[in-house]
Amino acid sequence: MTSRRGYLYQQLALLGWTSVPWLPLLRQKTLVLAGDDDPVVPVVNARILASLIRRAKLQIFNDGHLFLISSADEAAKAVREFLDSSDRRN
C-alpha cells in the first residue's frame, strides 16, 4: 500500500530535480527515440535531450507515446542500426 506522504514526496521530487546540467557530460553514444504525436511526452523533450547530449542520435517516429508497441518493427530496426553502427565506430 502506498502512503500519502510517500506520494507527496515523489511529486515534490519531480518539481525540484533535473538531469539537464549533466547531459552534456555524457560520453556514451546515445539513441533518443520519440513519437511525434505523443501527448504524454512532447517531442520537444527528445529534441532537447538530443541537443544536450553531445553524441546523441535522434530518431522520431510518426506515431504516439506507445511507438515501441505500435511501430515495433520500425523501432527495433532503428535500435539495431544504432547498435550496429556503434559497434563499428566505437
# chains A, B, ... in the order shown; residues from 1 in each chain; ligands from 1

call {"tool": "residues_around", "arguments": {"residues": "Arg27 (chain A)", "least_positions_apart": "4", "cutoff": "10 Å", "atoms": "only C-alpha atoms", "output": "PyMOL selection string"}}
result
chain A and resi 23+53-56

call {"tool": "select_by_dssp", "arguments": {"residues": "chain A", "states": "alpha helix (DSSP H)", "output": "MDAnalysis selection string"}}
result
chainID A and resid 4:16 43:52 67:70 72:89

call {"tool": "closest_residue", "arguments": {"among": "A:Ile60, A:Leu8, A:Val44, A:Leu83", "to": "Thr30 (chain A)", "atoms": "only C-alpha atoms"}}
result
A:Leu83

call {"tool": "closest_residue", "arguments": {"among": "A:Asp36, A:Phe61, A:Leu25, A:Thr18", "to": "Ala78 (chain A)", "atoms": "only C-alpha atoms"}}
result
A:Phe61

call {"tool": "atom_distance", "arguments": {"atom1": "CA of Leu68 (chain A)", "atom2": "CA of Thr2 (chain A)"}}
result
29.3 Å
